[in-house]
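To start, the structure under review is shown below, and the notes come after it.
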Amino acid sequence: MRVRPIINSFDLQKRVIELSKVIEKDYEEVYVIGLLNGAFMFVSDLSRHIRTNVFVDFMKASSYVGDKSSNLNILCDISLDIKDKDVVLVDDILDTGKTLSKVKELILSKHPKSLKICVLLDKPSKREVDVKADYVGFEIEDKFVVGYGLDYNGFGRNLDFIAQIEI
Ligand code: IMP
Ligand code: MG
């Protein structure tokens with residue numbers, strides 16, 4: 001499969017560090033919850049550059065279409081207790097918003113003190129559900145991308161840049 005880079009490794013790292021520094025200023029202590037598998041690389045780099053207390057945990061969910069609406073299967077829940085904690089939910093990309101709006105509800109049911117959303121990429125033109133990210137790395141157009149955790153049928157997660165797929 002051929003790929004065409006749209007965000008190179010240098011720009012990616014630079015932006016991730018910028019986001020880390022903003023989060024670092026916003027919290028004395030923060031609970032970072034990443035969504036697997038896509039956010040694994042982003043969470044790793046993001047948390048590494050936050051120089052305050054950071055607790056890291058992951059959740060793995062898969063969405064499926066039920067009778068009328070899509071539902072969320074939680075394959076692996078977090079084990080940290082986030083009650084009364086400041087939480088930042090981290091995903092690779094905000095697309096239709098269906099996944100994050102459902103995961104957000106689930107996290108809120110655990111009664112954190114606060115909850116914000118951080119995504120590396122945002123495709124605002126694809127939004128179907130009203131959910132906004134508080135921290136956004138890059139806004140991109142409606143093209144399918146891989147790299148830095150994002151995949152196409154498992155391909156491309158390990159790339160250290162973001163690329164469009166050329167079929
Ligand atoms: P949403 O529920 O439509 O917002 O979907 C978000 C999820 O879809 C992300 O967590 C990704 O796993 C996946 N996704 C959406 N767009 C892309 C893309 O361009 N490349 C790879 N995965 C994507
Ligand atoms: Mg995902």
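Labeling convention for the structure tokens: chains A, B, ... as they appear, residues from 1 per chain, ligands from 1 in order of appearance.
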Sorted by chain and rising residue number, which residues of chain A lie within 7 Å of ligand 1, and what are their closest atom pairs and distances in Å to one decimal, counting only C-alpha atoms and all ligand atoms, as a tab-separated table?
```
residue	atom	partner	partner_atom_place_in_ligand_line	distance
A:Gly38	CA	ligand 1	12 (O)	5.6
A:Asp91	CA	ligand 1	10 (O)	5.9
A:Asp92	CA	ligand 1	10 (O)	5.6
A:Ile93	CA	ligand 1	9 (C)	5.0
A:Leu94	CA	ligand 1	4 (O)	4.4
A:Asp95	CA	ligand 1	4 (O)	3.5
A:Thr96	CA	ligand 1	3 (O)	3.5
A:Gly97	CA	ligand 1	4 (O)	3.5
A:Lys98	CA	ligand 1	2 (O)	3.8
A:Thr99	CA	ligand 1	2 (O)	3.6
A:Leu100	CA	ligand 1	2 (O)	6.1
A:Lys143	CA	ligand 1	19 (O)	6.0
A:Phe144	CA	ligand 1	19 (O)	3.4
A:Val145	CA	ligand 1	19 (O)	4.0
A:Val146	CA	ligand 1	20 (N)	5.2
A:Leu150	CA	ligand 1	21 (C)	4.7
A:Asp151	CA	ligand 1	21 (C)	5.0
A:Tyr152	CA	ligand 1	21 (C)	6.0
```
Determine which residues of region 9-142 of chain A receive a DSSP assignment of alpha helix (DSSP H), computed from the backbone, and state them as number ranges by chain.
-> A: 9-26, 40-48, 98-108
Need to verify the contact set: Thr52 (chain A), 9 Å, only C-alpha atoms, exclusion of same-chain residues closer than 5 positions in sequence. Can you return it as a PDB file with N, CA and C atoms, in the first residue's frame?
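Dumped to out18.pdb:
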```pdb
ATOM      1  N   GLU A  24      -0.076  20.697  30.842  1.00  0.00           N
ATOM      2  CA  GLU A  24       0.761  20.870  32.041  1.00  0.00           C
ATOM      3  C   GLU A  24       0.376  22.145  32.806  1.00  0.00           C
ATOM      4  N   LYS A  25       0.073  23.203  32.059  1.00  0.00           N
ATOM      5  CA  LYS A  25      -0.323  24.469  32.702  1.00  0.00           C
ATOM      6  C   LYS A  25      -1.719  24.377  33.297  1.00  0.00           C
ATOM      7  N   TYR A  27      -3.264  21.766  34.686  1.00  0.00           N
ATOM      8  CA  TYR A  27      -3.478  20.844  35.810  1.00  0.00           C
ATOM      9  C   TYR A  27      -2.236  20.690  36.675  1.00  0.00           C
ATOM     10  N   GLU A  28      -2.486  20.524  37.994  1.00  0.00           N
ATOM     11  CA  GLU A  28      -1.374  20.122  38.867  1.00  0.00           C
ATOM     12  C   GLU A  28      -1.236  18.606  38.847  1.00  0.00           C
ATOM     13  N   GLU A  29      -2.375  17.963  38.634  1.00  0.00           N
ATOM     14  CA  GLU A  29      -2.389  16.500  38.560  1.00  0.00           C
ATOM     15  C   GLU A  29      -3.467  16.109  37.552  1.00  0.00           C
ATOM     16  N   VAL A  30      -3.145  15.198  36.662  1.00  0.00           N
ATOM     17  CA  VAL A  30      -4.119  14.858  35.625  1.00  0.00           C
ATOM     18  C   VAL A  30      -4.153  13.357  35.354  1.00  0.00           C
TER      19      VAL A  30
END
```
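Reported to one decimal place, the separation of CA of Val56 (chain A) from CA of Ile82 (chain A) is 10.9 Å.
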Exercise. Any idea what's packed within 10 Å of Asp122 (chain A), counting only C-alpha atoms, ignoring anything in its chain fewer than 3 positions away? Could you give it as a PyMOL selection string?
Worked result: chain A and resi 92-97+118-119+125-127+132-133+135-142
Put those residues in a file: N, CA and C atoms, as a CSV table (one decimal), in the first residue's frame.
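New file selection29.csv:
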```csv
chain,number,residue,atom,x,y,z
A,92,ASP,N,-7.1,9.2,19.0
A,92,ASP,CA,-6.3,9.6,17.9
A,92,ASP,C,-7.0,10.6,17.0
A,93,ILE,N,-8.3,10.4,16.7
A,93,ILE,CA,-9.0,11.2,15.8
A,93,ILE,C,-10.5,11.4,16.1
A,94,LEU,N,-11.0,12.6,15.9
A,94,LEU,CA,-12.4,12.9,16.1
A,94,LEU,C,-13.0,13.0,14.7
A,95,ASP,N,-13.9,12.0,14.4
A,95,ASP,CA,-14.4,11.9,13.1
A,95,ASP,C,-15.9,12.2,13.2
A,96,THR,N,-16.8,11.2,13.2
A,96,THR,CA,-18.3,11.5,13.3
A,96,THR,C,-18.6,11.9,14.7
A,97,GLY,N,-17.7,11.5,15.7
A,97,GLY,CA,-17.9,11.9,17.1
A,97,GLY,C,-18.7,10.9,17.9
A,118,CYS,N,-9.0,15.3,24.4
A,118,CYS,CA,-7.9,15.7,23.6
A,118,CYS,C,-7.7,14.7,22.4
A,119,VAL,N,-7.7,15.3,21.2
A,119,VAL,CA,-7.4,14.4,20.0
A,119,VAL,C,-6.3,14.9,19.2
A,125,SER,N,-15.5,18.4,9.3
A,125,SER,CA,-16.5,18.2,8.3
A,125,SER,C,-17.3,16.9,8.3
A,126,LYS,N,-16.8,15.9,9.1
A,126,LYS,CA,-17.4,14.6,9.2
A,126,LYS,C,-18.3,14.5,10.4
A,127,ARG,N,-18.4,15.5,11.2
A,127,ARG,CA,-19.2,15.4,12.5
A,127,ARG,C,-20.6,15.1,12.3
A,132,LYS,N,-17.2,18.1,21.1
A,132,LYS,CA,-16.1,19.0,20.8
A,132,LYS,C,-14.8,18.6,21.6
A,133,ALA,N,-13.7,18.7,21.0
A,133,ALA,CA,-12.4,18.4,21.7
A,133,ALA,C,-11.9,19.7,22.2
A,135,TYR,N,-8.6,20.0,23.4
A,135,TYR,CA,-7.2,20.1,22.9
A,135,TYR,C,-7.2,19.3,21.6
A,136,VAL,N,-6.8,20.0,20.5
A,136,VAL,CA,-6.7,19.4,19.2
A,136,VAL,C,-5.3,19.7,18.6
A,137,GLY,N,-4.7,18.6,18.1
A,137,GLY,CA,-3.4,18.7,17.4
A,137,GLY,C,-3.5,19.4,16.1
A,138,PHE,N,-4.2,18.8,15.2
A,138,PHE,CA,-4.4,19.3,13.8
A,138,PHE,C,-5.8,19.1,13.3
A,139,GLU,N,-6.3,20.1,12.6
A,139,GLU,CA,-7.6,19.9,11.9
A,139,GLU,C,-7.2,19.4,10.5
A,140,ILE,N,-7.8,18.3,10.0
A,140,ILE,CA,-7.5,17.8,8.7
A,140,ILE,C,-8.8,17.7,7.8
A,141,GLU,N,-8.6,17.6,6.5
A,141,GLU,CA,-9.8,17.4,5.6
A,141,GLU,C,-10.3,16.0,5.7
A,142,ASP,N,-11.4,15.8,5.1
A,142,ASP,CA,-12.0,14.5,5.1
A,142,ASP,C,-11.3,13.4,4.2
```
Separating CA of His49 (chain A) from CA of Asp11 (chain A), to the nearest tenth of an Å, is a gap of 15.4 Å
